[in-house]
>>> print(open('input12.txt').read())   # compact mmCIF, C-alpha atoms and all ligand atoms
# COMPACT_ATOMS: atom_id res chain seq x y z
CA MET A 459 0.00 0.00 0.00
CA THR A 460 2.15 2.89 -1.19
CA ASP A 461 -0.14 5.93 -1.35
CA PRO A 462 -3.39 5.06 0.47
CA ILE A 463 -5.16 8.31 -0.43
CA LYS A 464 -4.52 7.90 -4.18
CA LYS A 465 -5.75 4.29 -4.04
CA ILE A 466 -8.86 5.40 -2.13
CA THR A 467 -9.66 8.24 -4.54
CA ASP A 468 -9.18 5.98 -7.58
CA TYR A 469 -11.36 3.22 -6.11
CA TYR A 470 -14.24 5.41 -4.94
CA GLY A 471 -14.09 7.38 -8.21
CA GLY A 472 -15.52 4.24 -9.87
CA PHE A 473 -17.55 2.81 -6.98
CA ASN A 474 -21.03 3.95 -5.98
CA GLU A 475 -20.45 4.39 -2.21
CA LYS A 476 -23.46 6.76 -1.98
CA ASP A 477 -25.90 3.87 -2.47
CA ARG A 478 -23.94 1.14 -0.66
CA LEU A 479 -26.17 1.31 2.41
CA GLU A 480 -29.36 0.94 0.33
CA SER A 481 -29.03 -2.82 -0.21
CA CYS A 482 -30.65 -5.11 2.34
CA PHE A 483 -27.32 -5.90 3.93
CA GLY A 484 -26.34 -2.21 3.80
CA GLN A 485 -29.58 -1.34 5.59
CA ILE A 486 -28.75 -3.78 8.38
CA GLU A 487 -25.29 -2.19 8.72
CA PHE A 488 -26.83 1.29 8.82
CA VAL A 489 -29.62 0.54 11.30
CA ARG A 490 -27.30 -1.39 13.62
CA SER A 491 -24.63 1.33 13.50
CA GLN A 492 -27.30 3.94 14.31
CA GLN A 493 -28.51 1.86 17.26
CA ILE A 494 -25.00 1.48 18.70
CA ILE A 495 -24.01 5.12 18.15
CA ALA A 496 -27.27 6.39 19.70
CA ARG A 497 -26.59 4.35 22.86
CA TYR A 498 -23.36 6.19 23.62
CA LEU A 499 -23.82 9.68 22.13
CA PRO A 500 -24.09 12.69 24.43
CA GLY A 501 -27.27 14.72 23.97
CA ALA A 502 -27.66 17.30 21.20
CA PRO A 503 -26.47 19.89 20.51
CA SER A 504 -22.89 18.71 20.75
CA VAL A 505 -20.11 18.57 18.19
CA ILE A 506 -19.60 15.38 16.15
CA LEU A 507 -16.84 14.74 13.62
CA ASP A 508 -17.60 12.21 10.88
CA VAL A 509 -14.13 11.25 9.62
CA GLY A 510 -14.40 9.23 6.41
CA GLY A 511 -18.03 10.31 6.24
CA ALA A 512 -18.33 9.63 2.49
CA ALA A 513 -21.65 10.80 1.01
CA GLY A 514 -22.94 11.91 4.40
CA ARG A 515 -25.44 9.22 5.42
CA TYR A 516 -24.47 9.30 9.10
CA SER A 517 -23.74 13.04 9.08
CA CYS A 518 -27.19 13.86 7.68
CA TRP A 519 -28.87 11.60 10.23
CA LEU A 520 -26.98 13.22 13.12
CA ALA A 521 -27.44 16.79 11.82
CA GLY A 522 -31.16 15.97 11.59
CA LEU A 523 -31.09 15.12 15.31
CA GLY A 524 -29.71 18.58 16.12
CA TYR A 525 -25.97 17.86 16.37
CA GLU A 526 -23.27 20.13 14.91
CA VAL A 527 -21.64 17.72 12.47
CA HIS A 528 -18.40 18.23 10.54
CA LEU A 529 -17.61 15.72 7.78
CA ILE A 530 -14.11 14.95 6.50
CA ASP A 531 -13.28 12.77 3.50
CA PRO A 532 -10.39 12.62 1.00
CA VAL A 533 -12.65 11.87 -2.00
CA PRO A 534 -13.97 15.05 -3.69
CA LYS A 535 -16.92 13.16 -5.22
CA HIS A 536 -18.07 12.11 -1.74
CA LEU A 537 -17.93 15.70 -0.47
CA GLU A 538 -20.10 16.90 -3.35
CA GLN A 539 -22.62 14.11 -2.63
CA ALA A 540 -22.62 14.95 1.09
CA LYS A 541 -23.22 18.63 0.37
CA GLN A 542 -26.08 17.78 -1.99
CA ALA A 543 -27.69 15.53 0.62
CA SER A 544 -27.19 18.16 3.30
CA VAL A 545 -28.95 21.00 1.46
CA LEU A 546 -32.04 18.83 1.16
CA GLN A 547 -32.32 18.95 4.98
CA LYS A 548 -33.32 22.60 5.30
CA GLY A 549 -32.56 23.87 8.78
CA ALA A 550 -30.60 20.72 9.71
CA GLU A 551 -27.61 20.89 7.39
CA ILE A 552 -24.17 19.37 8.00
CA ALA A 553 -22.12 22.20 9.55
CA SER A 554 -19.12 21.63 7.24
CA CYS A 555 -17.84 19.14 4.64
CA SER A 556 -14.08 19.32 4.00
CA LEU A 557 -11.40 17.47 2.15
CA GLY A 558 -9.09 15.83 4.66
CA ASP A 559 -7.24 12.84 5.98
CA ALA A 560 -7.89 11.06 9.28
CA ARG A 561 -4.15 11.20 9.97
CA GLN A 562 -4.12 15.02 10.04
CA LEU A 563 -7.43 16.49 11.05
CA PRO A 564 -8.14 20.19 10.42
CA PHE A 565 -9.59 20.77 13.90
CA ARG A 566 -8.17 22.28 17.09
CA ASP A 567 -7.45 20.21 20.19
CA SER A 568 -10.47 19.22 22.31
CA PHE A 569 -12.97 20.43 19.69
CA ALA A 570 -15.48 17.56 19.54
CA ASP A 571 -17.75 15.56 21.84
CA ALA A 572 -17.86 12.50 19.57
CA LEU A 573 -15.98 11.19 16.54
CA LEU A 574 -17.00 8.62 13.95
CA LEU A 575 -14.02 6.83 12.38
CA MET A 576 -15.99 4.51 10.15
CA GLY A 577 -13.84 3.77 7.12
CA PRO A 578 -10.31 5.13 7.50
CA LEU A 579 -8.97 2.29 9.68
CA TYR A 580 -9.59 -0.38 7.07
CA HIS A 581 -8.09 1.77 4.34
CA LEU A 582 -4.87 2.29 6.30
CA GLY A 583 -2.79 -0.87 5.94
CA LYS A 584 0.13 0.19 8.09
CA VAL A 585 -0.10 0.12 11.84
CA HIS A 586 1.66 3.47 12.28
CA ASP A 587 -0.93 5.13 9.99
CA ARG A 588 -3.83 3.66 11.98
CA ILE A 589 -2.27 4.76 15.27
CA LYS A 590 -1.72 8.23 13.77
CA ALA A 591 -5.43 8.42 12.84
CA LEU A 592 -6.46 7.21 16.31
CA LYS A 593 -4.13 9.72 18.01
CA GLU A 594 -5.62 12.51 15.88
CA ALA A 595 -9.08 11.38 16.99
CA TYR A 596 -7.85 11.51 20.60
CA ARG A 597 -6.37 15.00 20.13
CA VAL A 598 -9.52 16.59 18.70
CA LEU A 599 -11.91 14.99 21.20
CA LYS A 600 -12.79 16.72 24.47
CA LYS A 601 -12.07 14.94 27.76
CA GLY A 602 -14.93 12.45 28.10
CA GLY A 603 -15.49 12.45 24.34
CA VAL A 604 -16.52 9.22 22.64
CA LEU A 605 -14.93 7.46 19.66
CA PHE A 606 -16.77 5.07 17.33
CA ALA A 607 -14.15 3.18 15.30
CA VAL A 608 -15.11 0.62 12.67
CA ILE A 609 -13.01 -2.12 11.11
CA ILE A 610 -13.70 -4.87 8.60
CA SER A 611 -13.24 -8.30 10.16
CA ARG A 612 -10.20 -10.43 9.33
CA TYR A 613 -12.71 -13.10 8.28
CA ALA A 614 -14.91 -10.93 6.01
CA SER A 615 -13.50 -12.28 2.72
CA ALA A 616 -13.91 -15.87 3.85
CA ILE A 617 -17.52 -15.20 4.88
CA ASP A 618 -18.39 -13.13 1.82
CA GLY A 619 -16.52 -15.47 -0.53
CA LEU A 620 -18.42 -18.52 0.66
CA HIS A 621 -21.76 -16.77 0.99
CA SER A 622 -21.77 -14.90 -2.31
CA GLY A 623 -20.15 -17.62 -4.40
CA TYR A 624 -17.01 -15.58 -5.16
CA TYR A 625 -15.06 -18.69 -4.11
CA LYS A 626 -15.80 -20.08 -7.58
CA ASP A 627 -13.30 -17.56 -8.95
CA PRO A 628 -9.75 -18.88 -8.35
CA GLU A 629 -8.51 -15.27 -8.11
CA PHE A 630 -10.90 -14.57 -5.24
CA ARG A 631 -9.86 -17.79 -3.54
CA GLU A 632 -6.33 -16.43 -3.52
CA ILE A 633 -7.58 -13.14 -2.03
CA MET A 634 -9.44 -15.09 0.68
CA GLN A 635 -6.39 -17.11 1.57
CA HIS A 636 -4.16 -14.06 1.72
CA ASP A 637 -6.63 -12.21 3.95
CA LEU A 638 -6.77 -15.13 6.36
CA LYS A 639 -2.99 -15.08 6.63
CA ASP A 640 -2.37 -11.44 7.54
CA GLY A 641 -5.47 -9.34 6.78
CA GLN A 642 -3.70 -7.43 4.00
CA HIS A 643 -6.48 -7.45 1.40
CA ARG A 644 -5.13 -7.02 -2.14
CA ASN A 645 -7.33 -6.99 -5.21
CA PRO A 646 -5.26 -7.18 -8.41
CA THR A 647 -8.32 -8.20 -10.50
CA GLY A 648 -9.90 -4.78 -11.11
CA ASN A 649 -13.29 -6.27 -10.06
CA GLU A 650 -14.76 -3.60 -7.79
CA LEU A 651 -16.96 -6.19 -6.04
CA TYR A 652 -13.76 -7.55 -4.52
CA PHE A 653 -13.09 -4.14 -2.88
CA THR A 654 -9.78 -2.29 -3.02
CA ASP A 655 -6.48 -2.70 -1.17
CA ALA A 656 -7.39 -2.64 2.50
CA TYR A 657 -6.61 -4.06 5.90
CA PHE A 658 -8.98 -6.56 7.49
CA GLN A 659 -8.39 -6.56 11.19
CA HIS A 660 -8.73 -8.89 14.14
CA PRO A 661 -11.09 -7.40 16.77
CA GLN A 662 -8.52 -7.84 19.55
CA GLU A 663 -5.98 -5.88 17.53
CA LEU A 664 -8.47 -3.02 17.20
CA ARG A 665 -8.77 -2.80 20.98
CA SER A 666 -5.01 -2.84 21.39
CA GLU A 667 -4.48 -0.03 18.83
CA ILE A 668 -7.20 2.11 20.41
CA GLU A 669 -5.55 1.70 23.81
CA GLN A 670 -2.12 2.50 22.35
CA ALA A 671 -3.57 5.82 21.15
CA GLY A 672 -4.61 6.65 24.74
CA PHE A 673 -8.32 5.74 24.70
CA GLN A 674 -10.19 3.80 27.35
CA HIS A 675 -11.86 0.90 25.57
CA GLU A 676 -15.56 0.54 26.39
CA ALA A 677 -16.87 -2.17 24.05
CA THR A 678 -16.18 -4.06 20.83
CA ILE A 679 -19.40 -4.81 19.03
CA GLY A 680 -20.33 -6.84 15.96
CA ILE A 681 -22.41 -4.56 13.70
CA GLU A 682 -24.26 -6.91 11.34
CA GLY A 683 -23.34 -10.00 13.35
CA ILE A 684 -24.37 -13.24 11.67
CA SER A 685 -27.43 -11.72 9.97
CA TYR A 686 -26.24 -13.21 6.65
CA MET A 687 -27.17 -16.64 8.09
CA MET A 688 -30.87 -15.77 7.93
CA ARG A 689 -32.61 -17.63 5.13
CA ASP A 690 -34.34 -15.34 2.59
CA LEU A 691 -32.76 -12.33 4.25
CA ASP A 692 -34.21 -9.84 1.74
CA VAL A 693 -37.76 -11.00 2.35
CA SER A 694 -37.36 -11.40 6.11
CA TRP A 695 -35.75 -7.96 6.51
CA ASN A 696 -38.82 -6.45 4.89
CA THR A 697 -41.20 -8.31 7.22
CA THR A 698 -41.55 -6.32 10.46
CA GLU A 699 -41.84 -9.35 12.74
CA TYR A 700 -38.70 -11.03 11.36
CA ARG A 701 -36.74 -7.77 11.11
CA GLU A 702 -37.32 -7.07 14.80
CA PHE A 703 -36.46 -10.64 15.69
CA LEU A 704 -33.23 -10.47 13.67
CA LEU A 705 -32.21 -7.15 15.26
CA ASP A 706 -32.84 -8.64 18.71
CA ILE A 707 -30.69 -11.71 17.93
CA ILE A 708 -27.87 -9.56 16.54
CA GLN A 709 -27.95 -7.35 19.66
CA ARG A 710 -27.89 -10.33 22.03
CA LEU A 711 -24.81 -11.72 20.29
CA GLU A 712 -23.09 -8.40 19.56
CA CYS A 713 -20.41 -8.67 22.27
CA GLU A 714 -20.04 -12.45 22.33
CA PRO A 715 -16.24 -12.87 21.99
CA THR A 716 -16.51 -16.16 20.10
CA LEU A 717 -18.73 -14.54 17.43
CA ILE A 718 -17.53 -10.95 17.02
CA GLY A 719 -15.07 -11.86 14.23
CA ALA A 720 -17.97 -13.44 12.31
CA SER A 721 -19.49 -9.98 11.86
CA PRO A 722 -18.25 -8.35 8.62
CA HIS A 723 -18.05 -4.91 10.28
CA ILE A 724 -17.03 -4.43 13.91
CA MET A 725 -17.28 -1.23 15.95
CA ALA A 726 -15.21 -0.30 18.97
CA VAL A 727 -16.52 2.34 21.37
CA ALA A 728 -13.90 4.15 23.45
CA TYR A 729 -13.52 7.26 25.63
CA LYS A 730 -10.92 9.96 26.03
CA ASN A 731 -10.40 10.26 29.77
C1 LIG B 801 -16.67 2.33 2.96
S1 LIG B 801 -16.68 4.07 3.15
C2 LIG B 801 -17.59 4.24 4.67
C3 LIG B 801 -18.39 5.50 4.70
C4 LIG B 801 -19.21 5.74 5.96
N1 LIG B 801 -18.37 6.22 7.05
C5 LIG B 801 -19.94 4.50 6.38
O1 LIG B 801 -19.61 3.94 7.43
O2 LIG B 801 -20.86 4.09 5.66
C6 LIG B 801 -15.04 4.50 3.67
C7 LIG B 801 -14.79 6.00 3.62
O3 LIG B 801 -13.56 6.30 4.32
C8 LIG B 801 -12.89 7.30 3.59
N2 LIG B 801 -11.46 7.25 3.95
C9 LIG B 801 -10.58 6.29 3.65
N3 LIG B 801 -9.37 6.60 4.14
C10 LIG B 801 -9.47 7.78 4.77
C11 LIG B 801 -8.57 8.63 5.48
N4 LIG B 801 -7.28 8.32 5.61
N5 LIG B 801 -9.05 9.75 6.02
C12 LIG B 801 -10.36 10.07 5.90
N6 LIG B 801 -11.25 9.33 5.24
C13 LIG B 801 -10.82 8.19 4.68
C14 LIG B 801 -13.17 6.95 2.14
O4 LIG B 801 -12.94 8.01 1.27
C15 LIG B 801 -14.64 6.54 2.22
O5 LIG B 801 -15.47 7.65 2.03
>>> encode(input="input12.txt", output="structure tokens", more="lines below")
Ligand SMILES: C[S@@+](CC[C@H](N)C(=O)[O-])C[C@H]1O[C@@H](n2cnc3c(N)ncnc32)[C@H](O)[C@@H]1O
Amino acid sequence: MTDPIKKITDYYGGFNEKDRLESCFGQIEFVRSQQIIARYLPGAPSVILDVGGAAGRYSCWLAGLGYEVHLIDPVPKHLEQAKQASVLQKGAEIASCSLGDARQLPFRDSFADALLLMGPLYHLGKVHDRIKALKEAYRVLKKGGVLFAVIISRYASAIDGLHSGYYKDPEFREIMQHDLKDGQHRNPTGNELYFTDAYFQHPQELRSEIEQAGFQHEATIGIEGISYMMRDLDVSWNTTEYREFLLDIIQRLECEPTLIGASPHIMAVAYKN
């Protein structure tokens, strides 16, 4: 991973991140992330930084709840999309959308009450870059401020490969095997469904890196959990009774140490003390 920002900009230039959370599985990720974030957020109006905020889905939601939200992303296309989404929320716009890098945030010390780091960690393949991003998050948070940091699980390619049928492609099988070895996800195929160069992390390593940056770890939580195991997920997710049942099961298992790595996305919650 030589220049992570160039890789990221090239990849998202061709990928439709704006609509990623619209699929059934994307909706589960979004609803679950909202539920977890809402549990720990201080009341509005406080200041929230959405670092790697992409097209502004979480920023718009939080601005709509009355928070002062500042979005940072290195991809110009994402900033334009976030601004467009924001203006549609008259009276509850995102406070600012700026080009930036999680490793060098354009905010003063102790500026924010909460910080979403939902993307940058899995795009930063080197440990010193991830620690740099986490230390920046620590610097700009107030004492008592809360961090929400998301990773992709070390086992995500194995799960997705088996579930989606990508395992039938020998090139994806190689990607799966490489990911299982060291989490360094490399996609030389050009197939955007196989994602871009990234780092798929072990949940225990996430906790250790967060603590190295100075945070007090509160919880590590599986976001989607094993929802992909549900038969006819699309239909069940759109049936209120089954959707509620699924969300309850995911929540009950969300901190179970033997299952957290089986969740494609994992969120750590931590405080600056
Ligand atoms: C998969 S998207 C996730 C977007 C959104 N936060 C979410 O959870 O749905 C990852 C985002 O992280 C951004 N990103 C990657 N590396 C970054 C970095 N070093 N600093 C800031 N943002 C970064 C990307 O541009 C992209 O918008």
>>> closest_atom_pairs(input="input12.txt", of="segment 616-712 of chain A", to="segment 557-579 of chain A", cutoff="12 Å", atoms="all atoms listed in the file", output="JSON lines")
{"residue": "A:Ala656", "atom": "CA", "partner": "A:Leu579", "partner_atom": "CA", "distance": 8.9}
{"residue": "A:Tyr657", "atom": "CA", "partner": "A:Leu579", "partner_atom": "CA", "distance": 7.8}
{"residue": "A:Phe658", "atom": "CA", "partner": "A:Leu579", "partner_atom": "CA", "distance": 9.1}
{"residue": "A:Gln659", "atom": "CA", "partner": "A:Leu579", "partner_atom": "CA", "distance": 9.0}
{"residue": "A:Glu663", "atom": "CA", "partner": "A:Leu579", "partner_atom": "CA", "distance": 11.7}
{"residue": "A:Leu664", "atom": "CA", "partner": "A:Leu579", "partner_atom": "CA", "distance": 9.2}
{"residue": "A:Glu667", "atom": "CA", "partner": "A:Leu579", "partner_atom": "CA", "distance": 10.5}
{"residue": "A:Ile668", "atom": "CA", "partner": "A:Leu579", "partner_atom": "CA", "distance": 10.9}
{"residue": "A:Ile681", "atom": "CA", "partner": "A:Met576", "partner_atom": "CA", "distance": 11.7}
>>> residues_near_ligand(input="input12.txt", ligand="ligand LIG 801 (chain B)", cutoff="9 Å", atoms="all atoms listed in the file", output="PyMOL selection string")
chain A and resi 462-463+466-467+469-470+475-476+478-479+484+487-488+491+508-517+530-534+536-537+557-563+574-582+587-588+591+608
>>> axis_aligned_box(input="input12.txt", around="segment 626-645 of chain A", padding_each_side="8 Å", output="JSON")
{"center_x": -9.1, "center_y": -13.5, "center_z": -0.7, "size_x": 29.4, "size_y": 29.1, "size_z": 32.5}
>>> residues_around(input="input12.txt", residues="Val489 of chain A", least_positions_apart="3", cutoff="10 Å", atoms="all atoms listed in the file", output="list in words")
Leu479, Gly484, Gln485, Ile486, Gln492, Gln493, Ile494, Ile495, Ile681, Glu682 and Leu705 of chain A
>>> write_last_selection(input="input12.txt", atoms="C-alpha atoms", output="compact mmCIF listing (two decimals), in the coordinates of the input")
# COMPACT_ATOMS: atom_id res chain seq x y z
CA LEU A 479 -26.17 1.31 2.41
CA GLY A 484 -26.34 -2.21 3.80
CA GLN A 485 -29.58 -1.34 5.59
CA ILE A 486 -28.75 -3.78 8.38
CA GLN A 492 -27.30 3.94 14.31
CA GLN A 493 -28.51 1.86 17.26
CA ILE A 494 -25.00 1.48 18.70
CA ILE A 495 -24.01 5.12 18.15
CA ILE A 681 -22.41 -4.56 13.70
CA GLU A 682 -24.26 -6.91 11.34
CA LEU A 705 -32.21 -7.15 15.26
>>> atom_distance(input="input12.txt", atom1="atom CA of Tyr625 of chain A", atom2="atom CA of Ile609 of chain A")
22.6 Å
>>> decode(input="input12.txt", residues="segment 581-663 of chain A", atoms="C-alpha atoms", output="mmCIF file, in the first residue's frame")
data_model
loop_
_atom_site.group_PDB
_atom_site.id
_atom_site.type_symbol
_atom_site.label_atom_id
_atom_site.label_comp_id
_atom_site.auth_asym_id
_atom_site.auth_seq_id
_atom_site.Cartn_x
_atom_site.Cartn_y
_atom_site.Cartn_z
ATOM 1 C CA HIS A 581 -8.089 1.769 4.336
ATOM 2 C CA LEU A 582 -4.873 2.289 6.301
ATOM 3 C CA GLY A 583 -2.789 -0.867 5.942
ATOM 4 C CA LYS A 584 0.134 0.187 8.089
ATOM 5 C CA VAL A 585 -0.103 0.120 11.844
ATOM 6 C CA HIS A 586 1.662 3.473 12.285
ATOM 7 C CA ASP A 587 -0.926 5.130 9.985
ATOM 8 C CA ARG A 588 -3.834 3.659 11.976
ATOM 9 C CA ILE A 589 -2.272 4.762 15.265
ATOM 10 C CA LYS A 590 -1.722 8.228 13.769
ATOM 11 C CA ALA A 591 -5.427 8.424 12.841
ATOM 12 C CA LEU A 592 -6.459 7.207 16.307
ATOM 13 C CA LYS A 593 -4.127 9.721 18.009
ATOM 14 C CA GLU A 594 -5.619 12.505 15.880
ATOM 15 C CA ALA A 595 -9.084 11.384 16.989
ATOM 16 C CA TYR A 596 -7.854 11.508 20.597
ATOM 17 C CA ARG A 597 -6.373 14.995 20.134
ATOM 18 C CA VAL A 598 -9.525 16.592 18.700
ATOM 19 C CA LEU A 599 -11.907 14.987 21.203
ATOM 20 C CA LYS A 600 -12.786 16.715 24.468
ATOM 21 C CA LYS A 601 -12.074 14.945 27.756
ATOM 22 C CA GLY A 602 -14.928 12.451 28.102
ATOM 23 C CA GLY A 603 -15.487 12.453 24.342
ATOM 24 C CA VAL A 604 -16.516 9.221 22.644
ATOM 25 C CA LEU A 605 -14.933 7.458 19.663
ATOM 26 C CA PHE A 606 -16.774 5.075 17.331
ATOM 27 C CA ALA A 607 -14.149 3.184 15.301
ATOM 28 C CA VAL A 608 -15.109 0.623 12.670
ATOM 29 C CA ILE A 609 -13.013 -2.116 11.106
ATOM 30 C CA ILE A 610 -13.697 -4.870 8.597
ATOM 31 C CA SER A 611 -13.242 -8.303 10.158
ATOM 32 C CA ARG A 612 -10.205 -10.435 9.334
ATOM 33 C CA TYR A 613 -12.712 -13.102 8.278
ATOM 34 C CA ALA A 614 -14.911 -10.933 6.014
ATOM 35 C CA SER A 615 -13.500 -12.281 2.724
ATOM 36 C CA ALA A 616 -13.912 -15.873 3.851
ATOM 37 C CA ILE A 617 -17.515 -15.196 4.882
ATOM 38 C CA ASP A 618 -18.389 -13.131 1.816
ATOM 39 C CA GLY A 619 -16.515 -15.468 -0.525
ATOM 40 C CA LEU A 620 -18.417 -18.525 0.663
ATOM 41 C CA HIS A 621 -21.761 -16.765 0.993
ATOM 42 C CA SER A 622 -21.774 -14.899 -2.308
ATOM 43 C CA GLY A 623 -20.154 -17.619 -4.404
ATOM 44 C CA TYR A 624 -17.012 -15.577 -5.165
ATOM 45 C CA TYR A 625 -15.061 -18.693 -4.109
ATOM 46 C CA LYS A 626 -15.800 -20.083 -7.576
ATOM 47 C CA ASP A 627 -13.300 -17.560 -8.953
ATOM 48 C CA PRO A 628 -9.745 -18.875 -8.354
ATOM 49 C CA GLU A 629 -8.505 -15.269 -8.113
ATOM 50 C CA PHE A 630 -10.902 -14.571 -5.239
ATOM 51 C CA ARG A 631 -9.855 -17.795 -3.538
ATOM 52 C CA GLU A 632 -6.327 -16.430 -3.516
ATOM 53 C CA ILE A 633 -7.577 -13.145 -2.032
ATOM 54 C CA MET A 634 -9.444 -15.090 0.676
ATOM 55 C CA GLN A 635 -6.387 -17.113 1.571
ATOM 56 C CA HIS A 636 -4.156 -14.062 1.716
ATOM 57 C CA ASP A 637 -6.634 -12.212 3.954
ATOM 58 C CA LEU A 638 -6.771 -15.131 6.365
ATOM 59 C CA LYS A 639 -2.989 -15.083 6.629
ATOM 60 C CA ASP A 640 -2.365 -11.444 7.537
ATOM 61 C CA GLY A 641 -5.465 -9.344 6.784
ATOM 62 C CA GLN A 642 -3.696 -7.430 3.995
ATOM 63 C CA HIS A 643 -6.479 -7.449 1.401
ATOM 64 C CA ARG A 644 -5.131 -7.016 -2.135
ATOM 65 C CA ASN A 645 -7.329 -6.993 -5.207
ATOM 66 C CA PRO A 646 -5.259 -7.175 -8.407
ATOM 67 C CA THR A 647 -8.323 -8.199 -10.497
ATOM 68 C CA GLY A 648 -9.903 -4.784 -11.107
ATOM 69 C CA ASN A 649 -13.287 -6.273 -10.065
ATOM 70 C CA GLU A 650 -14.760 -3.601 -7.790
ATOM 71 C CA LEU A 651 -16.962 -6.192 -6.045
ATOM 72 C CA TYR A 652 -13.762 -7.553 -4.515
ATOM 73 C CA PHE A 653 -13.088 -4.143 -2.879
ATOM 74 C CA THR A 654 -9.778 -2.294 -3.020
ATOM 75 C CA ASP A 655 -6.477 -2.697 -1.170
ATOM 76 C CA ALA A 656 -7.395 -2.640 2.495
ATOM 77 C CA TYR A 657 -6.613 -4.062 5.898
ATOM 78 C CA PHE A 658 -8.983 -6.565 7.493
ATOM 79 C CA GLN A 659 -8.390 -6.560 11.190
ATOM 80 C CA HIS A 660 -8.728 -8.893 14.137
ATOM 81 C CA PRO A 661 -11.088 -7.397 16.771
ATOM 82 C CA GLN A 662 -8.521 -7.837 19.548
ATOM 83 C CA GLU A 663 -5.985 -5.883 17.526
#
